[in-house]
file run09.tsv (TSV, C-alpha atoms)
chain	number	residue	atom	x	y	z
A	1	MET	CA	252.56	-26.67	-27.29
A	2	ALA	CA	248.88	-26.45	-26.50
A	3	SER	CA	246.85	-29.16	-28.13
A	4	VAL	CA	243.52	-30.66	-29.00
A	5	LEU	CA	243.29	-33.98	-27.18
A	6	ILE	CA	240.90	-36.61	-28.56
A	7	ILE	CA	240.08	-39.62	-26.40
A	8	ALA	CA	240.00	-42.83	-28.44
A	9	GLU	CA	237.30	-45.42	-27.90
A	10	HIS	CA	238.00	-49.11	-28.35
A	11	ARG	CA	236.23	-52.40	-27.88
A	12	GLU	CA	237.36	-56.00	-28.12
A	13	GLY	CA	240.82	-55.04	-29.32
A	14	LYS	CA	239.76	-52.59	-32.03
A	15	ILE	CA	239.54	-48.83	-32.31
A	16	LEU	CA	235.92	-47.84	-32.96
A	17	ALA	CA	235.24	-46.04	-36.23
A	18	ALA	CA	233.69	-43.12	-34.34
A	19	THR	CA	237.16	-42.28	-33.02
A	20	TYR	CA	238.49	-41.60	-36.52
A	21	SER	CA	235.61	-39.19	-37.14
A	22	ALA	CA	236.25	-37.49	-33.80
A	23	LEU	CA	239.88	-37.04	-34.86
A	24	THR	CA	238.71	-35.22	-38.00
A	25	CYS	CA	236.64	-32.87	-35.83
A	26	GLY	CA	239.65	-32.38	-33.58
A	27	LYS	CA	241.90	-31.68	-36.56
A	28	GLN	CA	239.56	-28.96	-37.79
A	29	ILE	CA	239.72	-27.30	-34.37
A	30	ALA	CA	243.49	-27.73	-34.19
A	31	ASP	CA	244.11	-26.30	-37.67
A	32	ALA	CA	241.83	-23.32	-37.02
A	33	ASN	CA	243.51	-22.45	-33.71
A	34	GLY	CA	247.14	-23.30	-34.44
A	35	LEU	CA	247.19	-26.27	-32.06
A	36	SER	CA	248.61	-29.75	-32.36
A	37	LEU	CA	246.30	-32.76	-32.58
A	38	GLU	CA	246.97	-35.49	-30.04
A	39	VAL	CA	245.06	-38.62	-29.09
A	40	ALA	CA	244.79	-40.59	-25.85
A	41	LEU	CA	244.31	-44.32	-25.49
A	42	LEU	CA	243.08	-45.39	-22.05
A	43	GLY	CA	242.49	-48.87	-20.70
A	44	LYS	CA	244.29	-52.01	-19.65
A	45	GLY	CA	246.41	-53.93	-22.12
A	46	VAL	CA	245.68	-51.47	-24.91
A	47	GLU	CA	249.18	-50.40	-25.92
A	48	GLY	CA	248.99	-52.64	-28.99
A	49	LEU	CA	246.33	-50.34	-30.46
A	50	ALA	CA	248.61	-47.30	-30.35
A	51	ALA	CA	250.25	-48.06	-33.71
A	52	ASP	CA	246.90	-47.70	-35.48
A	53	LEU	CA	246.36	-44.26	-33.99
A	54	ALA	CA	249.96	-43.20	-34.58
A	55	ALA	CA	249.39	-43.68	-38.31
A	56	ARG	CA	246.40	-41.31	-38.38
A	57	SER	CA	247.94	-37.88	-38.96
A	58	VAL	CA	248.24	-36.99	-35.28
A	59	ALA	CA	251.18	-35.37	-33.52
A	60	LYS	CA	251.31	-37.72	-30.51
A	61	VAL	CA	249.61	-40.75	-28.99
A	62	HIS	CA	249.32	-40.93	-25.20
A	63	VAL	CA	248.87	-44.41	-23.74
A	64	VAL	CA	247.36	-44.48	-20.25
A	65	GLU	CA	247.23	-47.98	-18.79
A	66	HIS	CA	245.87	-48.87	-15.35
A	67	ASP	CA	243.93	-51.77	-13.87
A	68	ALA	CA	241.15	-49.38	-12.87
A	69	LEU	CA	240.65	-48.34	-16.50
A	70	GLU	CA	239.94	-51.86	-17.73
A	71	HIS	CA	236.18	-51.39	-17.98
A	72	GLY	CA	236.03	-47.67	-18.76
A	73	LEU	CA	234.13	-46.62	-15.64
A	74	SER	CA	233.42	-42.92	-15.79
A	75	GLU	CA	234.92	-41.98	-12.42
A	76	HIS	CA	238.33	-43.37	-13.31
A	77	MET	CA	238.17	-42.25	-16.94
A	78	ALA	CA	237.35	-38.68	-15.92
A	79	LYS	CA	240.26	-38.40	-13.49
A	80	ALA	CA	242.73	-39.97	-15.92
A	81	VAL	CA	241.66	-37.71	-18.81
A	82	ALA	CA	241.69	-34.58	-16.64
A	83	ASP	CA	245.14	-35.40	-15.27
A	84	LEU	CA	246.45	-36.03	-18.78
A	85	ALA	CA	244.91	-32.82	-20.12
A	86	ASN	CA	246.55	-30.77	-17.35
A	87	ALA	CA	249.91	-32.48	-17.76
A	88	THR	CA	250.02	-32.03	-21.54
A	89	ASP	CA	248.53	-28.51	-21.70
A	90	ALA	CA	245.58	-29.69	-23.77
A	91	THR	CA	243.16	-26.80	-24.19
A	92	TRP	CA	240.48	-28.71	-26.12
A	93	ILE	CA	239.46	-32.16	-24.90
A	94	GLY	CA	236.98	-34.15	-26.95
A	95	ALA	CA	235.61	-37.52	-27.99
A	96	ALA	CA	232.91	-39.01	-30.16
A	97	SER	CA	229.39	-38.53	-28.88
A	98	THR	CA	228.91	-42.18	-28.06
A	99	VAL	CA	227.39	-43.68	-24.94
A	100	GLN	CA	230.83	-43.81	-23.32
A	101	GLY	CA	231.84	-40.32	-24.41
A	102	ARG	CA	228.62	-38.81	-23.12
A	103	ASP	CA	229.16	-40.68	-19.87
A	104	TYR	CA	232.55	-39.48	-18.69
A	105	LEU	CA	233.26	-36.21	-20.52
A	106	PRO	CA	230.89	-34.10	-18.38
A	107	ARG	CA	232.91	-35.32	-15.38
A	108	VAL	CA	236.07	-34.26	-17.19
A	109	ALA	CA	234.60	-30.79	-17.75
A	110	ALA	CA	233.70	-30.52	-14.07
A	111	ARG	CA	237.22	-31.52	-13.01
A	112	LEU	CA	238.79	-28.97	-15.37
A	113	ASP	CA	236.27	-26.22	-14.60
A	114	ALA	CA	235.68	-26.14	-18.33
A	115	GLY	CA	232.74	-25.22	-20.49
A	116	MET	CA	231.35	-28.01	-22.64
A	117	ALA	CA	229.56	-28.33	-25.98
A	118	THR	CA	227.96	-31.63	-26.89
A	119	ASN	CA	227.10	-33.30	-30.16
A	120	VAL	CA	229.09	-30.87	-32.31
A	121	VAL	CA	228.27	-31.20	-36.02
A	122	ALA	CA	230.46	-28.46	-37.54
A	123	VAL	CA	233.52	-26.38	-36.68
A	124	ASP	CA	234.34	-22.81	-37.72
A	125	GLY	CA	237.42	-21.65	-35.86
A	126	ASN	CA	236.41	-21.24	-32.21
A	127	LYS	CA	232.74	-21.56	-33.06
A	128	LEU	CA	230.99	-24.89	-32.85
A	129	THR	CA	227.64	-25.81	-34.34
A	130	ARG	CA	225.45	-28.15	-32.32
A	131	PRO	CA	221.78	-29.16	-32.44
A	132	MET	CA	219.33	-27.93	-29.85
A	133	TRP	CA	215.69	-28.71	-29.12
A	134	ALA	CA	215.66	-32.12	-30.79
A	135	ASP	CA	217.58	-30.87	-33.83
A	136	ALA	CA	214.96	-28.20	-34.46
A	137	VAL	CA	217.68	-25.53	-34.18
A	138	MET	CA	221.34	-25.59	-35.17
A	139	ALA	CA	223.08	-23.25	-32.75
A	140	GLU	CA	226.52	-21.71	-33.20
A	141	VAL	CA	228.22	-21.61	-29.80
A	142	GLU	CA	231.60	-20.63	-28.40
A	143	ILE	CA	233.19	-22.05	-25.26
A	144	THR	CA	234.82	-19.21	-23.34
A	145	THR	CA	236.67	-21.09	-20.59
A	146	ALA	CA	240.43	-21.66	-20.76
A	147	LYS	CA	239.92	-25.37	-21.27
A	148	LYS	CA	237.12	-26.53	-23.51
A	149	VAL	CA	235.41	-29.93	-23.58
A	150	PHE	CA	233.31	-31.25	-26.42
A	151	THR	CA	231.73	-34.31	-27.96
A	152	CYS	CA	231.12	-34.54	-31.69
A	153	ARG	CA	228.52	-36.40	-33.71
A	154	PRO	CA	230.67	-38.89	-35.63
A	155	THR	CA	228.30	-39.20	-38.57
A	156	GLU	CA	228.97	-35.54	-39.46
A	157	PHE	CA	232.74	-35.97	-39.92
A	158	GLU	CA	234.62	-38.19	-42.34
A	159	PRO	CA	237.24	-40.52	-40.84
A	160	ILE	CA	240.65	-38.89	-40.55
A	161	ALA	CA	243.10	-39.85	-43.27
A	162	GLU	CA	245.81	-42.39	-42.68
A	163	GLY	CA	249.41	-41.27	-42.87
A	164	GLY	CA	252.19	-40.28	-40.55
A	165	SER	CA	254.09	-41.91	-37.75
A	166	ALA	CA	253.41	-40.16	-34.49
A	167	GLU	CA	255.34	-40.49	-31.27
A	168	VAL	CA	253.79	-42.88	-28.74
A	169	ALA	CA	254.27	-41.88	-25.09
A	170	LYS	CA	253.13	-43.51	-21.84
A	171	PHE	CA	251.41	-41.47	-19.17
A	172	ASP	CA	251.24	-42.74	-15.60
A	173	VAL	CA	248.09	-41.92	-13.67
A	174	GLU	CA	247.25	-42.48	-10.01
A	175	LEU	CA	243.82	-44.06	-9.52
A	176	ASP	CA	242.28	-45.60	-6.42
A	177	ALA	CA	239.88	-48.31	-7.54
A	178	GLY	CA	238.81	-48.91	-3.93
A	179	ALA	CA	237.57	-45.34	-3.54
A	180	ALA	CA	235.22	-45.50	-6.53
A	181	LYS	CA	231.49	-45.11	-5.90
A	182	VAL	CA	230.72	-47.37	-8.85
A	183	THR	CA	232.06	-50.87	-9.43
A	184	PHE	CA	232.00	-53.01	-12.55
A	185	ALA	CA	229.32	-55.72	-12.36
A	186	GLY	CA	229.40	-57.11	-15.88
A	187	LEU	CA	229.01	-56.36	-19.56
A	188	GLU	CA	226.52	-57.98	-21.94
A	189	LEU	CA	227.34	-57.15	-25.54
A	190	VAL	CA	224.77	-57.91	-28.22
A	191	LYS	CA	226.35	-60.25	-30.76
A	192	SER	CA	225.07	-60.12	-34.32
A	193	GLU	CA	226.26	-61.24	-37.72
A	194	ARG	CA	224.82	-58.05	-39.14
A	195	PRO	CA	226.97	-54.91	-39.38
A	196	ALA	CA	226.91	-52.55	-36.42
A	197	LEU	CA	224.05	-50.09	-36.77
A	198	THR	CA	226.23	-46.99	-36.41
A	199	GLU	CA	228.83	-48.24	-38.88
A	200	ALA	CA	226.66	-49.94	-41.54
A	201	ASN	CA	226.63	-48.71	-45.13
A	202	VAL	CA	222.99	-49.74	-45.48
A	203	VAL	CA	220.28	-49.52	-42.81
A	204	VAL	CA	216.75	-50.89	-43.08
A	205	ALA	CA	214.50	-49.49	-40.38
A	206	GLY	CA	210.96	-50.36	-39.43
A	207	GLY	CA	208.32	-48.28	-37.68
A	208	ARG	CA	204.85	-48.77	-36.30
A	209	GLY	CA	203.63	-49.60	-39.78
A	210	THR	CA	205.28	-53.01	-39.42
A	211	LYS	CA	202.67	-53.83	-36.76
A	212	GLY	CA	205.41	-55.64	-34.87
A	213	ASP	CA	206.28	-57.98	-37.76
A	214	PHE	CA	209.99	-57.36	-38.23
A	215	GLY	CA	210.42	-60.51	-40.31
A	216	ILE	CA	209.87	-58.52	-43.47
A	217	ILE	CA	212.42	-55.91	-42.35
A	218	GLU	CA	214.94	-58.66	-41.61
A	219	ALA	CA	214.32	-60.24	-45.03
A	220	LEU	CA	215.12	-56.99	-46.84
A	221	ALA	CA	218.13	-56.36	-44.61
A	222	ASP	CA	219.42	-59.86	-45.40
A	223	GLU	CA	219.27	-59.17	-49.13
A	224	LEU	CA	221.15	-55.90	-48.74
A	225	GLY	CA	223.61	-56.98	-46.05
A	226	ALA	CA	222.17	-54.20	-43.96
A	227	ALA	CA	221.84	-53.35	-40.30
A	228	ILE	CA	218.36	-53.13	-38.82
A	229	GLY	CA	216.99	-50.06	-37.10
A	230	SER	CA	213.70	-48.98	-35.61
A	231	THR	CA	211.88	-46.08	-34.06
A	232	ARG	CA	211.46	-45.41	-30.35
A	233	ALA	CA	207.74	-46.23	-30.56
A	234	VAL	CA	208.58	-49.69	-31.85
A	235	VAL	CA	211.08	-50.26	-29.04
A	236	ASP	CA	208.65	-48.92	-26.45
A	237	ALA	CA	206.04	-51.35	-27.77
A	238	GLY	CA	208.46	-54.22	-27.30
A	239	TRP	CA	208.49	-55.08	-31.00
A	240	ALA	CA	212.23	-54.55	-31.39
A	241	PRO	CA	215.20	-54.57	-29.00
A	242	ASN	CA	216.57	-51.32	-27.62
A	243	GLU	CA	219.80	-51.62	-29.61
A	244	TYR	CA	217.77	-51.09	-32.82
A	245	GLN	CA	216.57	-47.65	-31.80
A	246	ILE	CA	217.56	-44.73	-34.02
A	247	GLY	CA	216.92	-41.17	-32.99
A	248	GLN	CA	217.47	-38.49	-30.45
A	249	THR	CA	217.26	-40.96	-27.59
A	250	GLY	CA	218.84	-43.77	-29.61
A	251	LYS	CA	221.67	-44.11	-32.08
A	252	VAL	CA	222.67	-41.66	-34.79
A	253	VAL	CA	223.28	-43.24	-38.19
A	254	ALA	CA	224.46	-41.86	-41.52
A	255	PRO	CA	224.67	-44.80	-43.94
A	256	ASP	CA	225.01	-44.54	-47.70
A	257	LEU	CA	221.47	-45.91	-47.96
A	258	TYR	CA	218.70	-45.72	-45.36
A	259	ILE	CA	215.35	-47.40	-46.02
A	260	GLY	CA	212.54	-46.52	-43.63
A	261	ALA	CA	209.45	-48.71	-43.86
A	262	GLY	CA	206.26	-47.85	-42.03
A	263	ILE	CA	207.97	-44.91	-40.32
A	264	SER	CA	206.02	-41.67	-40.04
A	265	GLY	CA	209.05	-39.46	-39.44
A	266	ALA	CA	208.74	-38.06	-35.95
A	267	ILE	CA	211.35	-35.43	-35.05
A	268	GLN	CA	212.82	-37.85	-32.51
A	269	HIS	CA	213.62	-40.37	-35.26
A	270	LEU	CA	214.65	-37.85	-37.93
A	271	ALA	CA	217.30	-36.49	-35.56
A	272	GLY	CA	219.06	-39.83	-35.78
A	273	MET	CA	218.95	-40.58	-39.51
A	274	LYS	CA	218.59	-37.43	-41.58
A	275	GLY	CA	222.34	-37.38	-42.18
A	276	SER	CA	221.99	-40.50	-44.36
A	277	LYS	CA	223.29	-39.97	-47.89
A	278	VAL	CA	220.24	-41.50	-49.64
A	279	ILE	CA	216.92	-41.85	-47.82
A	280	VAL	CA	214.15	-44.11	-49.11
A	281	ALA	CA	210.75	-43.98	-47.40
A	282	ILE	CA	207.92	-46.50	-47.75
A	283	ASN	CA	204.66	-45.50	-46.13
A	284	LYS	CA	200.94	-45.79	-46.89
A	285	ASP	CA	200.35	-42.26	-45.65
A	286	GLU	CA	201.37	-39.80	-48.33
A	287	GLU	CA	201.33	-37.03	-45.72
A	288	ALA	CA	203.92	-38.78	-43.52
A	289	PRO	CA	206.64	-36.25	-42.49
A	290	ILE	CA	209.42	-38.64	-43.48
A	291	PHE	CA	208.68	-37.90	-47.14
A	292	GLN	CA	209.91	-34.35	-46.52
A	293	VAL	CA	213.46	-35.61	-45.94
A	294	ALA	CA	213.36	-38.61	-48.29
A	295	ASP	CA	215.25	-38.68	-51.58
A	296	TYR	CA	212.90	-41.39	-52.83
A	297	GLY	CA	209.40	-41.95	-51.49
A	298	LEU	CA	207.02	-44.81	-52.17
A	299	VAL	CA	203.40	-44.45	-51.06
A	300	ALA	CA	202.55	-48.10	-50.60
A	301	ASP	CA	201.78	-50.88	-48.14
A	302	LEU	CA	205.17	-52.11	-46.97
A	303	PHE	CA	203.89	-55.69	-46.76
A	304	LYS	CA	203.29	-55.58	-50.50
A	305	ALA	CA	206.13	-53.29	-51.57
A	306	ILE	CA	209.01	-54.92	-49.69
A	307	PRO	CA	208.47	-58.48	-51.04
A	308	GLU	CA	208.38	-57.01	-54.54
A	309	LEU	CA	211.55	-55.06	-53.80
A	310	ILE	CA	213.26	-58.20	-52.51
A	311	GLU	CA	212.35	-60.08	-55.68
A	312	GLU	CA	213.80	-57.29	-57.82
A	313	ILE	CA	217.01	-57.31	-55.78
A	314	LYS	CA	217.31	-61.06	-56.25
A	315	LYS	CA	216.84	-60.66	-60.00
A	316	ALA	CA	219.51	-57.97	-60.08
A	317	LYS	CA	221.91	-60.24	-58.20
A	318	ALA	CA	221.26	-63.22	-60.51

call {"tool": "encode", "arguments": {"input": "run09.tsv", "output": "structure tokens"}}
result
Amino acid sequence: MASVLIIAEHREGKILAATYSALTCGKQIADANGLSLEVALLGKGVEGLAADLAARSVAKVHVVEHDALEHGLSEHMAKAVADLANATDATWIGAASTVQGRDYLPRVAARLDAGMATNVVAVDGNKLTRPMWADAVMAEVEITTAKKVFTCRPTEFEPIAEGGSAEVAKFDVELDAGAAKVTFAGLELVKSERPALTEANVVVAGGRGTKGDFGIIEALADELGAAIGSTRAVVDAGWAPNEYQIGQTGKVVAPDLYIGAGISGAIQHLAGMKGSKVIVAINKDEEAPIFQVADYGLVADLFKAIPELIEEIKKAKA
């Protein structure tokens, strides 16, 4: 039976939350087109993660293990996914629109001679909605090739429900690590006690209004148990590390609560946070564009408003 095949993403022995959202997107496509929903787990020594996926309302879990897949290099990932898609008659092949997904899925599309839609935010049968021109336009598109490749914006889809006990099957793939044009040199993961920015329930973000003083942003984030974000301008200025960047060229977040302090609301940044459930903006400029998307807006100096807010939070906790 033809299927929708979602490629799972994992790190340090855990399935990333974005995968569960990608499965929901895949399920919507599968239900609308009478297809089965299947998921693939690629890597080295990853079979132990299959049980988690098998309990997520999918029809089948494919485990593809190979030494060359240990570090997720795009050349090997693309060949393995394309081979699996051909062998299993998958007509839709997708993954979350993460750094890794955006890296290898275009190669998959090229190998399958397939059309591709990126950053899908909604599904209506065969039609997919995706942002264009920095989120200025939401376009409804249709992929007309026999096989279709897509990435989806995980913040736009709820995690797929648990339940079920799918079959787990191994798939053998032939890969030649020596023939690769890219080799693995190393991986430096940023370690933090704060929640991951893309998975946090609360995000406190700072913009140019912080004048490079992120201590006040960190203090508020500490009180709320929040992740810290920033704008591209702040990162470009060297005031915050790259991993803080939210926006079109950074990370997409959709927390329950987003607090933006000293952020004007450039389109680039709004593209990465406007899916947040509750948006609070603090800015001295009452004309700042971010107030147009904010649920609550405070026209104030953040260096005065945030300490007062922290004190009120402490009182509420006492």

call {"tool": "residues_around", "arguments": {"input": "run09.tsv", "residues": "Gly262 of chain A", "least_positions_apart": "6", "cutoff": "7 Å", "atoms": "all atoms listed in the file", "output": "list in words"}}
result
Gly206, Gly207, Arg208, Gly209, Thr210, Ile282, Asn283 and Leu302 of chain A

call {"tool": "axis_aligned_box", "arguments": {"input": "run09.tsv", "around": "segment 90-100 of chain A", "padding_each_side": "8 Å", "output": "AutoDock Vina command-line options"}}
result
--center_x 236.5 --center_y -35.3 --center_z -26.7 --size_x 34.2 --size_y 33.0 --size_z 22.8

call {"tool": "residues_around", "arguments": {"input": "run09.tsv", "residues": "segment 5-9 of chain A", "least_positions_apart": "3", "cutoff": "7 Å", "atoms": "only C-alpha atoms", "output": "ChimeraX atom specification"}}
result
/A:15-16,19,23,26,37-41,90,92-95

call {"tool": "write_last_selection", "arguments": {"input": "run09.tsv", "atoms": "C-alpha atoms", "output": "PDB file, in the coordinates of the input"}}
result
ATOM      1  CA  ILE A  15     239.540 -48.830 -32.310  1.00  0.00           C
ATOM      2  CA  LEU A  16     235.920 -47.840 -32.960  1.00  0.00           C
ATOM      3  CA  THR A  19     237.160 -42.280 -33.020  1.00  0.00           C
ATOM      4  CA  LEU A  23     239.880 -37.040 -34.860  1.00  0.00           C
ATOM      5  CA  GLY A  26     239.650 -32.380 -33.580  1.00  0.00           C
ATOM      6  CA  LEU A  37     246.300 -32.760 -32.580  1.00  0.00           C
ATOM      7  CA  GLU A  38     246.970 -35.490 -30.040  1.00  0.00           C
ATOM      8  CA  VAL A  39     245.060 -38.620 -29.090  1.00  0.00           C
ATOM      9  CA  ALA A  40     244.790 -40.590 -25.850  1.00  0.00           C
ATOM     10  CA  LEU A  41     244.310 -44.320 -25.490  1.00  0.00           C
ATOM     11  CA  ALA A  90     245.580 -29.690 -23.770  1.00  0.00           C
ATOM     12  CA  TRP A  92     240.480 -28.710 -26.120  1.00  0.00           C
ATOM     13  CA  ILE A  93     239.460 -32.160 -24.900  1.00  0.00           C
ATOM     14  CA  GLY A  94     236.980 -34.150 -26.950  1.00  0.00           C
ATOM     15  CA  ALA A  95     235.610 -37.520 -27.990  1.00  0.00           C
TER      16      ALA A  95
END

call {"tool": "closest_residue", "arguments": {"input": "run09.tsv", "among": "A:Asp236, A:Glu167, A:Asp301, A:Glu142", "to": "Leu53 of chain A", "atoms": "only C-alpha atoms"}}
result
A:Glu167

call {"tool": "closest_atom_pairs", "arguments": {"input": "run09.tsv", "of": "segment 232-305 of chain A", "to": "segment 119-138 of chain A", "cutoff": "8 Å", "atoms": "only C-alpha atoms", "output": "tab-separated table"}}
result
residue	atom	partner	partner_atom	distance
A:Gln248	CA	A:Ala134	CA	6.6
A:Ile267	CA	A:Ala134	CA	6.9
A:Gln268	CA	A:Ala134	CA	6.6
A:Ala271	CA	A:Asp135	CA	5.9

call {"tool": "residues_around", "arguments": {"input": "run09.tsv", "residues": "segment 42-45 of chain A", "least_positions_apart": "6", "cutoff": "7 Å", "atoms": "only C-alpha atoms", "output": "PyMOL selection string"}}
result
chain A and resi 63-67+69-70+72

call {"tool": "write_last_selection", "arguments": {"input": "run09.tsv", "atoms": "C-alpha atoms", "output": "CSV table (one decimal), in the coordinates of the input"}}
result
chain,number,residue,atom,x,y,z
A,63,VAL,CA,248.9,-44.4,-23.7
A,64,VAL,CA,247.4,-44.5,-20.2
A,65,GLU,CA,247.2,-48.0,-18.8
A,66,HIS,CA,245.9,-48.9,-15.4
A,67,ASP,CA,243.9,-51.8,-13.9
A,69,LEU,CA,240.6,-48.3,-16.5
A,70,GLU,CA,239.9,-51.9,-17.7
A,72,GLY,CA,236.0,-47.7,-18.8

call {"tool": "residues_around", "arguments": {"input": "run09.tsv", "residues": "Val182 of chain A", "least_positions_apart": "3", "cutoff": "12 Å", "atoms": "all atoms listed in the file", "output": "list in words"}}
result
Ala68, His71, Gly72, Leu73, Ser74, Glu75, His76, Asp176, Ala177, Gly178, Ala179 and Ala185 of chain A

call {"tool": "build_atoms", "arguments": {"input": "run09.tsv", "residues": "segment 210-223 of chain A", "atoms": "N, CA, C and O atoms", "output": "PDB file, keeping the file's coordinate frame"}}
result
ATOM      1  N   THR A 210     204.977 -51.569 -39.328  1.00  0.00           N
ATOM      2  CA  THR A 210     205.280 -53.010 -39.420  1.00  0.00           C
ATOM      3  C   THR A 210     204.320 -53.829 -38.563  1.00  0.00           C
ATOM      4  O   THR A 210     204.268 -55.050 -38.691  1.00  0.00           O
ATOM      5  N   LYS A 211     203.610 -53.167 -37.670  1.00  0.00           N
ATOM      6  CA  LYS A 211     202.670 -53.830 -36.760  1.00  0.00           C
ATOM      7  C   LYS A 211     203.360 -54.912 -35.927  1.00  0.00           C
ATOM      8  O   LYS A 211     202.754 -55.920 -35.565  1.00  0.00           O
ATOM      9  N   GLY A 212     204.652 -54.698 -35.696  1.00  0.00           N
ATOM     10  CA  GLY A 212     205.410 -55.640 -34.870  1.00  0.00           C
ATOM     11  C   GLY A 212     205.993 -56.804 -35.641  1.00  0.00           C
ATOM     12  O   GLY A 212     206.694 -57.645 -35.062  1.00  0.00           O
ATOM     13  N   ASP A 213     205.738 -56.892 -36.937  1.00  0.00           N
ATOM     14  CA  ASP A 213     206.280 -57.980 -37.760  1.00  0.00           C
ATOM     15  C   ASP A 213     207.588 -57.516 -38.393  1.00  0.00           C
ATOM     16  O   ASP A 213     207.578 -56.912 -39.469  1.00  0.00           O
ATOM     17  N   PHE A 214     208.704 -57.793 -37.703  1.00  0.00           N
ATOM     18  CA  PHE A 214     209.990 -57.360 -38.230  1.00  0.00           C
ATOM     19  C   PHE A 214     210.622 -58.394 -39.152  1.00  0.00           C
ATOM     20  O   PHE A 214     211.731 -58.214 -39.645  1.00  0.00           O
ATOM     21  N   GLY A 215     209.899 -59.494 -39.390  1.00  0.00           N
ATOM     22  CA  GLY A 215     210.420 -60.510 -40.310  1.00  0.00           C
ATOM     23  C   GLY A 215     210.645 -59.945 -41.696  1.00  0.00           C
ATOM     24  O   GLY A 215     211.639 -60.251 -42.358  1.00  0.00           O
ATOM     25  N   ILE A 216     209.743 -59.085 -42.125  1.00  0.00           N
ATOM     26  CA  ILE A 216     209.870 -58.520 -43.470  1.00  0.00           C
ATOM     27  C   ILE A 216     211.032 -57.520 -43.529  1.00  0.00           C
ATOM     28  O   ILE A 216     211.704 -57.384 -44.560  1.00  0.00           O
ATOM     29  N   ILE A 217     211.273 -56.829 -42.426  1.00  0.00           N
ATOM     30  CA  ILE A 217     212.420 -55.910 -42.350  1.00  0.00           C
ATOM     31  C   ILE A 217     213.723 -56.710 -42.384  1.00  0.00           C
ATOM     32  O   ILE A 217     214.676 -56.352 -43.092  1.00  0.00           O
ATOM     33  N   GLU A 218     213.752 -57.802 -41.642  1.00  0.00           N
ATOM     34  CA  GLU A 218     214.940 -58.660 -41.610  1.00  0.00           C
ATOM     35  C   GLU A 218     215.213 -59.258 -42.987  1.00  0.00           C
ATOM     36  O   GLU A 218     216.371 -59.369 -43.410  1.00  0.00           O
ATOM     37  N   ALA A 219     214.144 -59.641 -43.705  1.00  0.00           N
ATOM     38  CA  ALA A 219     214.320 -60.240 -45.030  1.00  0.00           C
ATOM     39  C   ALA A 219     214.980 -59.257 -45.995  1.00  0.00           C
ATOM     40  O   ALA A 219     215.893 -59.618 -46.757  1.00  0.00           O
ATOM     41  N   LEU A 220     214.522 -58.006 -45.963  1.00  0.00           N
ATOM     42  CA  LEU A 220     215.120 -56.990 -46.840  1.00  0.00           C
ATOM     43  C   LEU A 220     216.556 -56.691 -46.409  1.00  0.00           C
ATOM     44  O   LEU A 220     217.456 -56.557 -47.260  1.00  0.00           O
ATOM     45  N   ALA A 221     216.776 -56.617 -45.107  1.00  0.00           N
ATOM     46  CA  ALA A 221     218.130 -56.360 -44.610  1.00  0.00           C
ATOM     47  C   ALA A 221     219.083 -57.495 -45.020  1.00  0.00           C
ATOM     48  O   ALA A 221     220.240 -57.253 -45.371  1.00  0.00           O
ATOM     49  N   ASP A 222     218.585 -58.726 -45.000  1.00  0.00           N
ATOM     50  CA  ASP A 222     219.420 -59.860 -45.400  1.00  0.00           C
ATOM     51  C   ASP A 222     219.849 -59.736 -46.861  1.00  0.00           C
ATOM     52  O   ASP A 222     220.998 -60.036 -47.217  1.00  0.00           O
ATOM     53  N   GLU A 223     218.935 -59.302 -47.711  1.00  0.00           N
ATOM     54  CA  GLU A 223     219.270 -59.170 -49.130  1.00  0.00           C
ATOM     55  C   GLU A 223     220.288 -58.080 -49.378  1.00  0.00           C
ATOM     56  O   GLU A 223     221.086 -58.146 -50.310  1.00  0.00           O
TER      57      GLU A 223
END
